[in-house]
>>> print(open('structure.tsv').read())   # TSV, C-alpha atoms
chain	number	residue	atom	x	y	z
S	1459	MET	CA	13.83	-0.87	12.24
S	1460	LYS	CA	16.27	1.41	10.46
S	1461	TYR	CA	16.87	-1.35	7.90
S	1462	ILE	CA	13.17	-1.48	7.16
S	1463	VAL	CA	13.01	2.28	6.73
S	1464	GLY	CA	16.12	2.12	4.58
S	1465	ALA	CA	14.65	-0.61	2.39
S	1466	ILE	CA	11.40	1.34	1.96
S	1467	LEU	CA	13.33	4.47	1.03
S	1468	LEU	CA	15.36	2.48	-1.47
S	1469	VAL	CA	12.17	1.22	-3.12
S	1470	LEU	CA	10.55	4.66	-3.17
S	1471	VAL	CA	13.60	6.30	-4.69
S	1472	GLN	CA	13.43	3.96	-7.65
S	1473	THR	CA	9.94	4.90	-8.85
S	1474	SER	CA	10.38	6.50	-12.21
S	1475	ASN	CA	8.32	9.33	-13.48
S	1476	ALA	CA	7.75	10.10	-17.15
S	1477	LYS	CA	7.94	13.80	-16.36
S	1478	THR	CA	11.61	14.52	-16.86
S	1479	THR	CA	11.95	18.21	-17.50
S	1480	PHE	CA	9.39	20.55	-18.91
S	1481	PRO	CA	10.96	22.21	-21.96
S	1482	LYS	CA	12.07	25.79	-21.39
S	1483	ASP	CA	10.54	26.96	-24.66
S	1484	CYS	CA	7.11	25.89	-23.51
S	1485	SER	CA	7.23	27.53	-20.10
S	1486	HIS	CA	4.44	29.89	-21.09
S	1487	LEU	CA	2.15	26.87	-21.28
S	1488	GLU	CA	3.13	25.33	-17.97
S	1489	ASN	CA	-0.09	26.23	-16.15
S	1490	VAL	CA	-2.08	24.73	-19.02
S	1491	ALA	CA	-0.45	21.39	-18.28
S	1492	LYS	CA	-2.11	21.43	-14.88
S	1493	SER	CA	-5.69	22.10	-15.98
S	1494	ASP	CA	-7.85	19.12	-16.70
S	1495	PHE	CA	-11.03	19.95	-18.55
S	1496	VAL	CA	-10.78	19.79	-22.33
S	1497	LEU	CA	-14.00	21.67	-22.98
S	1498	PHE	CA	-12.49	25.03	-22.09
S	1499	SER	CA	-8.85	24.55	-23.01
S	1500	LYS	CA	-8.76	22.45	-26.18
S	1501	LYS	CA	-6.76	25.08	-28.08
S	1502	GLU	CA	-4.26	25.44	-25.24
S	1503	PHE	CA	-3.76	21.68	-25.06
S	1504	ILE	CA	-3.11	21.57	-28.80
S	1505	GLN	CA	-0.58	24.40	-28.45
S	1506	LEU	CA	1.07	22.50	-25.63
S	1507	GLY	CA	1.31	19.41	-27.82
S	1508	GLU	CA	2.82	21.43	-30.67
S	1509	CYS	CA	5.38	22.98	-28.36
S	1510	LEU	CA	6.36	19.61	-26.87
S	1511	ALA	CA	6.73	17.93	-30.27
S	1512	VAL	CA	8.87	20.79	-31.64
S	1513	SER	CA	11.19	20.71	-28.64
S	1514	LEU	CA	11.53	16.92	-28.91
S	1515	ILE	CA	12.25	17.07	-32.65
S	1516	LYS	CA	14.82	19.81	-32.20
S	1517	LYS	CA	16.64	17.56	-29.74
S	1518	HIS	CA	16.62	14.77	-32.36
S	1519	SER	CA	14.64	12.41	-30.14
S	1520	ALA	CA	11.88	10.22	-31.49
S	1521	VAL	CA	8.19	11.00	-31.14
S	1522	ASN	CA	5.36	8.50	-31.61
S	1523	LEU	CA	3.70	10.34	-34.44
S	1524	VAL	CA	1.70	7.49	-35.96
S	1525	GLU	CA	-0.53	7.38	-32.88
S	1526	SER	CA	-0.79	11.17	-32.81
S	1527	CYS	CA	-1.76	11.51	-36.44
S	1528	ASN	CA	-4.29	8.69	-36.06
S	1529	GLU	CA	-5.87	10.85	-33.35
S	1530	VAL	CA	-6.01	13.83	-35.72
S	1531	ASP	CA	-7.81	11.73	-38.28
S	1532	GLU	CA	-10.15	10.31	-35.66
S	1533	ASP	CA	-10.98	13.75	-34.36
S	1534	ARG	CA	-11.79	14.92	-37.87
S	1535	ARG	CA	-14.16	12.02	-38.53
S	1536	ASN	CA	-15.81	11.90	-35.13
S	1537	PRO	CA	-19.50	12.91	-35.05
S	1538	LEU	CA	-19.30	13.62	-31.33
S	1539	GLY	CA	-16.57	16.20	-31.78
S	1540	ILE	CA	-15.11	17.68	-28.65
S	1541	LEU	CA	-17.35	15.58	-26.41
S	1542	SER	CA	-15.20	12.52	-26.92
S	1543	LEU	CA	-11.88	14.30	-26.69
S	1544	SER	CA	-9.65	13.75	-23.72
S	1545	LYS	CA	-6.68	15.80	-22.54
S	1546	TYR	CA	-4.31	13.07	-23.68
S	1547	GLU	CA	-5.81	13.01	-27.18
S	1548	ALA	CA	-5.73	16.81	-27.49
S	1549	ILE	CA	-2.03	16.88	-26.64
S	1550	LEU	CA	-1.36	14.10	-29.16
S	1551	ILE	CA	-3.20	16.05	-31.85
S	1552	GLY	CA	-1.00	19.03	-31.05
S	1553	GLN	CA	2.10	16.89	-31.35
S	1554	CYS	CA	1.20	15.68	-34.83
S	1555	VAL	CA	0.26	19.13	-36.10
S	1556	GLY	CA	3.28	20.75	-34.49
S	1557	ALA	CA	5.73	18.23	-35.93
S	1558	ILE	CA	4.38	18.59	-39.47
S	1559	ASN	CA	4.38	22.39	-39.29
S	1560	TYR	CA	7.92	22.47	-37.94
S	1561	ILE	CA	9.28	20.22	-40.70
S	1562	TYR	CA	7.45	22.29	-43.30
S	1563	GLN	CA	8.79	25.58	-41.98
S	1564	ARG	CA	12.31	24.25	-41.57
S	1565	TYR	CA	12.80	22.43	-44.84
S	1566	ASP	CA	10.33	23.59	-47.46
S	1567	ASN	CA	12.04	25.44	-50.30
S	1568	GLU	CA	15.41	24.94	-48.69
S	1569	PRO	CA	18.18	24.03	-51.14
S	1570	VAL	CA	19.50	20.53	-51.02
S	1571	TYR	CA	23.24	20.22	-50.40
S	1572	ASN	CA	24.31	16.98	-52.05
S	1573	ARG	CA	27.72	17.78	-53.39
S	1574	PRO	CA	29.30	21.13	-53.96
S	1575	ASN	CA	27.79	21.21	-57.44
S	1576	SER	CA	26.48	24.51	-58.64
S	1577	ASN	CA	24.46	22.99	-61.51
S	1578	SER	CA	21.88	21.17	-59.47
S	1579	GLN	CA	19.73	23.60	-57.53
S	1580	LYS	CA	17.33	21.12	-56.04
S	1581	VAL	CA	15.06	22.22	-53.24
S	1582	TYR	CA	12.97	20.32	-50.79
S	1583	HIS	CA	9.23	20.22	-51.21
S	1584	CYS	CA	7.52	19.18	-48.01
S	1585	ALA	CA	3.96	18.00	-47.60
S	1586	LYS	CA	1.68	19.67	-45.15
S	1587	SER	CA	-1.75	19.24	-43.52
S	1588	LYS	CA	-3.94	16.38	-44.75
S	1589	LYS	CA	-1.44	14.83	-47.15
S	1590	ALA	CA	1.31	14.85	-44.55
S	1591	ILE	CA	-1.00	13.30	-41.96
S	1592	ASP	CA	-1.92	10.48	-44.30
S	1593	ILE	CA	1.73	9.85	-45.15
S	1594	ILE	CA	2.70	9.58	-41.50
S	1595	ARG	CA	-0.26	7.34	-40.63
S	1596	LEU	CA	0.75	4.78	-43.22
S	1597	ASN	CA	4.26	4.51	-41.88
S	1598	LYS	CA	5.22	1.20	-40.30
S	1599	GLN	CA	7.68	2.56	-37.80
S	1600	PRO	CA	5.82	4.52	-35.10
S	1601	MET	CA	8.75	6.38	-33.55
S	1602	LEU	CA	10.02	9.08	-35.85
S	1603	ASP	CA	12.78	11.57	-35.31
S	1604	LYS	CA	13.89	14.56	-37.34
S	1605	THR	CA	15.71	12.68	-40.10
S	1606	ASP	CA	12.93	10.10	-40.47
S	1607	LEU	CA	10.36	12.86	-40.78
S	1608	LYS	CA	12.43	14.73	-43.32
S	1609	LYS	CA	12.78	11.57	-45.38
S	1610	LEU	CA	9.05	10.82	-45.16
S	1611	LEU	CA	7.58	14.21	-45.80
S	1612	CYS	CA	10.05	16.04	-47.97
S	1613	SER	CA	11.04	15.14	-51.50
S	1614	GLU	CA	13.72	16.72	-53.58
S	1615	GLY	CA	12.69	18.58	-56.67
S	1616	TYR	CA	13.10	21.74	-58.62
U	1109	MET	CA	-57.50	-28.16	-7.31
U	1110	ASN	CA	-55.51	-25.30	-8.78
U	1111	GLY	CA	-57.21	-22.46	-6.98
U	1112	GLU	CA	-60.45	-22.84	-8.88
U	1113	SER	CA	-62.58	-23.89	-5.92
U	1114	SER	CA	-66.08	-22.56	-5.91
U	1115	TYR	CA	-66.04	-22.36	-2.15
U	1116	GLN	CA	-64.81	-18.93	-1.10
U	1117	PRO	CA	-63.64	-19.13	2.49
U	1118	ASP	CA	-63.99	-16.11	4.69
U	1119	PHE	CA	-60.45	-15.01	5.43
U	1120	ILE	CA	-61.33	-12.31	7.90
U	1121	MET	CA	-61.36	-14.90	10.67
U	1122	VAL	CA	-57.95	-16.36	9.74
U	1123	ASP	CA	-56.16	-15.11	12.83
U	1124	ASN	CA	-58.96	-16.01	15.21
U	1125	LYS	CA	-59.94	-12.42	16.00
U	1126	THR	CA	-63.47	-11.80	17.34
U	1127	GLU	CA	-66.20	-9.88	15.50
U	1128	GLY	CA	-65.63	-6.79	17.62
U	1129	SER	CA	-62.11	-6.33	16.50
U	1130	LYS	CA	-62.97	-7.04	12.91
U	1131	GLU	CA	-63.73	-3.34	12.45
U	1132	SER	CA	-60.32	-2.24	13.64
U	1133	THR	CA	-58.53	-4.72	11.41
U	1134	ASN	CA	-60.60	-3.54	8.47
U	1135	ASN	CA	-59.64	0.09	9.04
U	1136	GLU	CA	-56.02	-0.79	9.45
U	1137	VAL	CA	-55.88	-2.74	6.27
U	1138	ASP	CA	-57.56	-0.04	4.25
U	1139	ASP	CA	-54.62	1.31	2.26
U	1140	LYS	CA	-51.44	0.23	3.96
U	1141	SER	CA	-51.81	-3.40	4.82
U	1142	SER	CA	-49.51	-3.61	7.81
U	1143	VAL	CA	-48.50	-7.02	8.95
U	1144	SER	CA	-46.82	-8.36	11.96
U	1145	GLY	CA	-45.40	-11.82	11.98
U	1146	ASP	CA	-46.55	-14.25	9.36
U	1147	LYS	CA	-50.25	-13.59	9.39
U	1148	CYS	CA	-51.62	-11.96	6.24
U	1149	VAL	CA	-54.88	-10.18	6.87
U	1150	THR	CA	-57.17	-8.88	4.20
U	1151	HIS	CA	-60.80	-7.85	3.93
U	1152	ASP	CA	-61.15	-8.64	0.27
U	1153	ASN	CA	-63.39	-11.68	-0.21
U	1154	ASN	CA	-62.61	-12.10	-3.85
U	1155	LEU	CA	-59.09	-13.35	-3.35
U	1156	SER	CA	-58.65	-17.07	-3.75
U	1157	GLN	CA	-56.33	-19.08	-1.58
U	1158	ASN	CA	-53.70	-19.08	-4.30
U	1159	ASP	CA	-53.77	-15.32	-4.58
U	1160	LEU	CA	-53.48	-14.98	-0.86
U	1161	ASN	CA	-50.53	-17.34	-0.68
U	1162	PHE	CA	-48.86	-15.43	-3.45
U	1163	LEU	CA	-49.43	-12.15	-1.66
U	1164	CYS	CA	-48.09	-13.51	1.60
U	1165	HIS	CA	-45.05	-14.86	-0.16
U	1166	GLN	CA	-44.38	-11.56	-1.92
U	1167	ARG	CA	-44.72	-9.63	1.30
U	1168	ASN	CA	-42.20	-11.58	3.26
U	1169	ARG	CA	-39.84	-12.19	0.42
U	1170	PHE	CA	-36.13	-11.45	0.80
U	1171	ARG	CA	-35.40	-8.74	-1.75
U	1172	LEU	CA	-31.93	-8.00	-2.94
U	1173	PHE	CA	-32.28	-6.49	-6.40
U	1174	ASP	CA	-35.81	-5.13	-6.25
U	1175	PRO	CA	-36.26	-1.54	-5.02
U	1176	LYS	CA	-39.71	-1.41	-6.54
U	1177	GLY	CA	-40.79	-4.41	-4.49
U	1178	VAL	CA	-39.29	-2.94	-1.33
U	1179	TYR	CA	-41.21	0.29	-1.95
U	1180	THR	CA	-44.45	-1.52	-2.74
U	1181	PHE	CA	-44.35	-3.48	0.51
U	1182	ARG	CA	-42.90	-0.66	2.56
U	1183	ASN	CA	-45.24	-1.23	5.45
U	1184	VAL	CA	-44.23	-4.83	5.93
U	1185	GLU	CA	-41.76	-5.33	8.71
U	1186	ILE	CA	-38.40	-6.53	7.46
U	1187	SER	CA	-36.75	-9.07	9.69
U	1188	TYR	CA	-33.38	-8.39	11.24
U	1189	LEU	CA	-31.77	-11.31	9.41
U	1190	GLN	CA	-32.81	-9.78	6.09
U	1191	THR	CA	-31.44	-6.43	7.25
U	1192	PHE	CA	-28.10	-8.06	8.03
U	1193	PHE	CA	-27.89	-9.40	4.49
U	1194	HIS	CA	-28.99	-6.04	3.11
U	1195	ILE	CA	-26.17	-4.25	4.91
U	1196	PHE	CA	-23.66	-6.87	3.79
U	1197	SER	CA	-24.71	-6.62	0.15
U	1198	LEU	CA	-24.85	-2.82	0.39
U	1199	LEU	CA	-21.21	-2.71	1.44
U	1200	ILE	CA	-20.15	-5.03	-1.38
U	1201	SER	CA	-22.04	-3.14	-4.06
U	1202	LEU	CA	-20.89	0.24	-2.76
U	1203	LEU	CA	-17.34	-1.01	-3.15
U	1204	LEU	CA	-18.04	-2.23	-6.69
U	1205	PHE	CA	-19.91	0.95	-7.53
U	1206	ILE	CA	-17.04	3.19	-6.48
U	1207	GLY	CA	-14.68	0.88	-8.36
U	1208	PHE	CA	-16.75	1.07	-11.55
U	1209	TYR	CA	-17.36	4.74	-11.61
U	1210	TYR	CA	-14.88	6.74	-9.59
U	1211	LEU	CA	-11.55	4.95	-9.51
U	1212	PRO	CA	-11.08	5.67	-13.24
U	1213	PHE	CA	-10.52	9.27	-12.23
U	1214	ILE	CA	-7.30	8.19	-10.55
U	1215	PHE	CA	-6.16	5.32	-12.65
U	1216	ILE	CA	-6.95	6.01	-16.29
U	1217	ASN	CA	-3.72	7.70	-17.28
U	1218	GLU	CA	-1.24	7.47	-20.09
U	1219	PRO	CA	2.31	8.79	-19.88
U	1220	ILE	CA	3.53	11.57	-22.14
U	1221	SER	CA	7.25	12.27	-22.07
U	1222	SER	CA	8.20	15.46	-20.21
U	1223	LEU	CA	4.62	15.85	-18.96
U	1224	GLY	CA	3.98	12.81	-16.85
U	1225	ASN	CA	0.72	10.92	-16.61
U	1226	ILE	CA	-2.15	12.53	-18.45
U	1227	SER	CA	-5.74	11.46	-17.97
U	1228	THR	CA	-7.51	9.88	-20.91
U	1229	LEU	CA	-11.01	10.56	-19.64
U	1230	THR	CA	-13.08	12.36	-22.22
U	1231	VAL	CA	-15.44	15.28	-21.68
U	1232	LEU	CA	-18.42	12.95	-21.98
U	1233	ASP	CA	-17.03	10.65	-19.30
U	1234	LYS	CA	-16.58	13.49	-16.86
U	1235	LEU	CA	-19.99	15.03	-17.54
U	1236	PHE	CA	-21.84	11.76	-17.04
U	1237	LEU	CA	-19.84	10.82	-13.95
U	1238	ALA	CA	-20.60	14.21	-12.43
U	1239	PHE	CA	-24.30	13.85	-13.25
U	1240	ILE	CA	-24.48	10.37	-11.72
U	1241	ALA	CA	-22.72	11.56	-8.55
U	1242	VAL	CA	-24.98	14.58	-8.13
U	1243	TYR	CA	-28.12	12.57	-8.84
U	1244	ILE	CA	-27.29	9.82	-6.37
U	1245	ILE	CA	-26.30	12.25	-3.64
U	1246	PHE	CA	-29.50	14.22	-4.18
U	1247	LYS	CA	-31.64	11.09	-4.12
U	1248	LEU	CA	-29.91	9.72	-1.02
U	1249	LYS	CA	-30.42	12.98	0.81
U	1250	GLN	CA	-34.05	13.03	-0.20
U	1251	GLY	CA	-34.59	9.40	0.64
U	1252	LEU	CA	-32.85	9.27	3.96
U	1253	THR	CA	-34.48	12.34	5.46
U	1254	CYS	CA	-38.14	11.57	4.85
U	1255	LYS	CA	-40.19	9.20	6.96
U	1256	VAL	CA	-41.98	6.69	4.83
U	1257	ALA	CA	-42.85	3.63	6.78
U	1258	GLU	CA	-43.35	2.38	10.29
U	1259	PHE	CA	-40.14	0.38	10.44
U	1260	ASP	CA	-38.17	3.23	9.02
U	1261	TYR	CA	-34.47	2.38	9.38
U	1262	ARG	CA	-34.82	-1.14	8.14
U	1263	TYR	CA	-36.87	0.06	5.20
U	1264	LYS	CA	-34.28	2.70	4.28
U	1265	ILE	CA	-31.40	0.25	4.55
U	1266	ALA	CA	-33.32	-2.23	2.41
U	1267	LEU	CA	-34.13	0.37	-0.22
U	1268	CYS	CA	-30.56	1.71	-0.42
U	1269	ALA	CA	-29.14	-1.80	-0.59
U	1270	ASN	CA	-31.57	-2.83	-3.30
U	1271	SER	CA	-30.89	0.32	-5.34
U	1272	PHE	CA	-27.13	-0.03	-5.26
U	1273	ASN	CA	-27.30	-3.77	-5.90
U	1274	LEU	CA	-29.58	-3.26	-8.87
U	1275	THR	CA	-27.25	-0.60	-10.29
U	1276	VAL	CA	-24.25	-2.90	-10.02
U	1277	LEU	CA	-26.12	-5.87	-11.47
U	1278	ASN	CA	-27.40	-3.91	-14.44
U	1279	SER	CA	-23.96	-2.38	-15.03
U	1280	ILE	CA	-22.48	-5.87	-15.17
U	1281	LYS	CA	-25.17	-6.89	-17.64
U	1282	LEU	CA	-24.39	-3.82	-19.76
U	1283	SER	CA	-20.67	-4.63	-19.75
U	1284	ILE	CA	-21.38	-8.20	-20.84
U	1285	PHE	CA	-23.62	-6.89	-23.60
U	1286	PHE	CA	-20.89	-4.61	-24.91
U	1287	MET	CA	-18.31	-7.37	-24.67
U	1288	ALA	CA	-20.56	-9.56	-26.79
U	1289	LEU	CA	-20.93	-6.69	-29.26
U	1290	ASP	CA	-17.15	-6.35	-29.45
U	1291	LEU	CA	-16.80	-10.07	-30.06
U	1292	MET	CA	-19.30	-9.86	-32.90
U	1293	ILE	CA	-17.33	-6.98	-34.39
U	1294	LEU	CA	-14.09	-8.97	-34.11
U	1295	THR	CA	-15.59	-11.81	-36.11
U	1296	ILE	CA	-16.60	-9.56	-39.01
U	1297	GLU	CA	-13.20	-7.91	-39.37
U	1298	PRO	CA	-11.52	-8.76	-42.71
U	1299	PRO	CA	-8.97	-11.58	-42.32
U	1300	GLN	CA	-5.92	-9.54	-43.27
U	1301	VAL	CA	-6.31	-7.31	-40.22
U	1302	LEU	CA	-3.94	-8.42	-37.46
U	1303	THR	CA	-5.44	-9.46	-34.14
U	1304	GLU	CA	-3.48	-6.83	-32.21
U	1305	VAL	CA	-4.65	-4.12	-34.57
U	1306	ALA	CA	-8.26	-5.26	-34.31
U	1307	LEU	CA	-8.06	-5.33	-30.51
U	1308	GLU	CA	-6.46	-1.86	-30.55
U	1309	ASN	CA	-9.28	-0.56	-32.68
U	1310	LEU	CA	-11.78	-1.84	-30.13
U	1311	GLN	CA	-10.31	0.48	-27.51
U	1312	ASN	CA	-9.55	3.52	-29.55
U	1313	GLY	CA	-11.31	5.05	-32.48
U	1314	VAL	CA	-14.53	6.60	-33.69
U	1315	ARG	CA	-16.53	3.39	-33.21
U	1316	TYR	CA	-15.30	3.11	-29.62
U	1317	ASP	CA	-16.29	6.71	-28.92
U	1318	ILE	CA	-19.80	6.16	-30.22
U	1319	PHE	CA	-20.22	2.93	-28.23
U	1320	SER	CA	-18.92	4.72	-25.16
U	1321	ALA	CA	-21.53	7.45	-25.55
U	1322	ILE	CA	-24.33	4.88	-25.97
U	1323	ALA	CA	-23.06	2.98	-22.91
U	1324	TRP	CA	-23.11	6.17	-20.85
U	1325	ILE	CA	-26.71	6.88	-21.84
U	1326	PHE	CA	-27.72	3.38	-20.78
U	1327	THR	CA	-25.78	3.75	-17.54
U	1328	VAL	CA	-27.64	6.93	-16.68
U	1329	LEU	CA	-30.92	5.16	-17.41
U	1330	ILE	CA	-29.86	2.29	-15.12
U	1331	VAL	CA	-28.99	4.65	-12.28
U	1332	VAL	CA	-32.16	6.74	-12.63
U	1333	ASN	CA	-34.30	3.62	-12.75
U	1334	ALA	CA	-32.68	2.08	-9.68
U	1335	PHE	CA	-32.79	5.16	-7.49
U	1336	LYS	CA	-36.20	6.56	-8.33
U	1337	TYR	CA	-37.96	4.98	-5.36
U	1338	LEU	CA	-35.83	6.76	-2.80
U	1339	GLY	CA	-37.84	9.55	-1.31
U	1340	LYS	CA	-41.15	8.39	-2.71
U	1341	GLY	CA	-44.18	7.86	-0.55
U	1342	ALA	CA	-43.25	10.27	2.20
U	1343	VAL	CA	-45.66	10.39	5.10
U	1344	LYS	CA	-46.16	13.68	6.90
>>> encode(input="structure.tsv", output="structure tokens")
Amino acid sequence: MKYIVGAILLVLVQTSNAKTTFPKDCSHLENVAKSDFVLFSKKEFIQLGECLAVSLIKKHSAVNLVESCNEVDEDRRNPLGILSLSKYEAILIGQCVGAINYIYQRYDNEPVYNRPNSNSQKVYHCAKSKKAIDIIRLNKQPMLDKTDLKKLLCSEGY
Amino acid sequence: MNGESSYQPDFIMVDNKTEGSKESTNNEVDDKSSVSGDKCVTHDNNLSQNDLNFLCHQRNRFRLFDPKGVYTFRNVEISYLQTFFHIFSLLISLLLFIGFYYLPFIFINEPISSLGNISTLTVLDKLFLAFIAVYIIFKLKQGLTCKVAEFDYRYKIALCANSFNLTVLNSIKLSIFFMALDLMILTIEPPQVLTEVALENLQNGVRYDIFSAIAWIFTVLIVVNAFKYLGKGAVK
């Protein structure tokens, strides 16, 4: 009998859960993660998505932004609007928007450090909003981390 | 020979009742033509033999997907064998019904890292599911508490079974229709689109959302049409 219980416990222990740790920066949105109806909390879900994407990008881990930015485009074109929005899609929209805004704020107009050469004062120019969304959607690789995003969205210039 | 005989037999005497009791049978058969056993009694002389056979057949017919028919012949006694099949089919279609409509609440989830499983049910899905649940519960309460016919329990079981069976059958037909529609759409995709991408676009996108809304409207129509005979024809 104890072997059966032990075997069951062994199986139960191995179930994995995608919820690892909720980021500390987003703790003010933790109760939003529990609510379920998009009609009343669409903005909060988008904020939650933004917060999650920013914390993932800061940690240099990859986010599936192609799917997220496809959702942004779909939401923009959809005649039904919020009626056909689910909690999952709202969070994905937040992820796309949050990632683009973070890259823009972090790198736009920042000087490029190629070599210690005082003549070239190149800066980054980063795309934002619709142009950035279209750039990400056309990308072949769905998982993007901080360096991939910087390469995609920001170009060097004067 | 096909029911066009000029001789109109007098069907009042079919079950060998005497003249004296002819009056009572006439009164009984006035509006609700109650029947016991296989004998169909009517006072209408204009019905031909064919019509009468048809009527008899329709009265005693085993109905599985026909709440309107069950309601129309609500004063006909339903045999216990038919009731057994009604209960059996009611259990099966209740199972399928709950599987179609309410298990998605638990199982339609997608994982998001650091958040866990998030439901992908849209606002429209939840609104229509809630409406269907409330409507069915209201109709069941109304239908099961009013006395309609003489053989009440068997009638109510038959009506509930027929309503749920009809809902499930029509939902299956609707799913097949939308699958056919999807297949048509797959054939008109341009050839450079990959199969996986085309199949992905069937499940996710603006077109899918619009089809989903249309399917929900049809589903509500199916449910309303199947359950509208519950609670009708109440007798004080």
>>> closest_atom_pairs(input="structure.tsv", of="chain U", to="chain S", cutoff="10 Å", atoms="only C-alpha atoms", output="JSON lines")
{"residue": "U:Asn1217", "atom": "CA", "partner": "S:Tyr1546", "partner_atom": "CA", "distance": 8.4}
{"residue": "U:Glu1218", "atom": "CA", "partner": "S:Tyr1546", "partner_atom": "CA", "distance": 7.3}
{"residue": "U:Pro1219", "atom": "CA", "partner": "S:Ala1476", "partner_atom": "CA", "distance": 6.2}
{"residue": "U:Ile1220", "atom": "CA", "partner": "S:Ala1476", "partner_atom": "CA", "distance": 6.7}
{"residue": "U:Ser1221", "atom": "CA", "partner": "S:Ala1476", "partner_atom": "CA", "distance": 5.4}
{"residue": "U:Ser1222", "atom": "CA", "partner": "S:Lys1477", "partner_atom": "CA", "distance": 4.2}
{"residue": "U:Leu1223", "atom": "CA", "partner": "S:Lys1477", "partner_atom": "CA", "distance": 4.7}
{"residue": "U:Gly1224", "atom": "CA", "partner": "S:Lys1477", "partner_atom": "CA", "distance": 4.1}
{"residue": "U:Asn1225", "atom": "CA", "partner": "S:Ala1476", "partner_atom": "CA", "distance": 7.1}
{"residue": "U:Ile1226", "atom": "CA", "partner": "S:Tyr1546", "partner_atom": "CA", "distance": 5.7}
{"residue": "U:Ser1227", "atom": "CA", "partner": "S:Tyr1546", "partner_atom": "CA", "distance": 6.1}
{"residue": "U:Thr1228", "atom": "CA", "partner": "S:Ser1544", "partner_atom": "CA", "distance": 5.2}
{"residue": "U:Leu1229", "atom": "CA", "partner": "S:Ser1544", "partner_atom": "CA", "distance": 5.4}
{"residue": "U:Thr1230", "atom": "CA", "partner": "S:Ser1544", "partner_atom": "CA", "distance": 4.0}
{"residue": "U:Val1231", "atom": "CA", "partner": "S:Leu1541", "partner_atom": "CA", "distance": 5.1}
{"residue": "U:Leu1232", "atom": "CA", "partner": "S:Leu1541", "partner_atom": "CA", "distance": 5.3}
{"residue": "U:Asp1233", "atom": "CA", "partner": "S:Ser1542", "partner_atom": "CA", "distance": 8.1}
{"residue": "U:Lys1234", "atom": "CA", "partner": "S:Phe1495", "partner_atom": "CA", "distance": 8.7}
{"residue": "U:Leu1235", "atom": "CA", "partner": "S:Leu1541", "partner_atom": "CA", "distance": 9.3}
{"residue": "U:Asn1312", "atom": "CA", "partner": "S:Glu1529", "partner_atom": "CA", "distance": 9.0}
{"residue": "U:Gly1313", "atom": "CA", "partner": "S:Glu1532", "partner_atom": "CA", "distance": 6.3}
{"residue": "U:Val1314", "atom": "CA", "partner": "S:Asn1536", "partner_atom": "CA", "distance": 5.6}
{"residue": "U:Arg1315", "atom": "CA", "partner": "S:Asn1536", "partner_atom": "CA", "distance": 8.8}
{"residue": "U:Tyr1316", "atom": "CA", "partner": "S:Ser1542", "partner_atom": "CA", "distance": 9.8}
{"residue": "U:Asp1317", "atom": "CA", "partner": "S:Ser1542", "partner_atom": "CA", "distance": 6.2}
{"residue": "U:Ile1318", "atom": "CA", "partner": "S:Leu1538", "partner_atom": "CA", "distance": 7.6}
{"residue": "U:Ser1320", "atom": "CA", "partner": "S:Ser1542", "partner_atom": "CA", "distance": 8.8}
{"residue": "U:Ala1321", "atom": "CA", "partner": "S:Ser1542", "partner_atom": "CA", "distance": 8.2}
>>> atom_distance(input="structure.tsv", atom1="atom CA of U:Asp1260", atom2="atom CA of U:Phe1246")
19.2 Å
>>> atom_distance(input="structure.tsv", atom1="atom CA of U:Met1287", atom2="atom CA of S:Cys1527")
27.7 Å
>>> atom_distance(input="structure.tsv", atom1="atom CA of U:Ser1271", atom2="atom CA of U:Ala1288")
25.8 Å
>>> closest_residue(input="structure.tsv", among="S:Leu1487, S:Val1469, S:Cys1509, S:Leu1611", to="S:Lys1589", atoms="all atoms listed in the file")
S:Leu1611
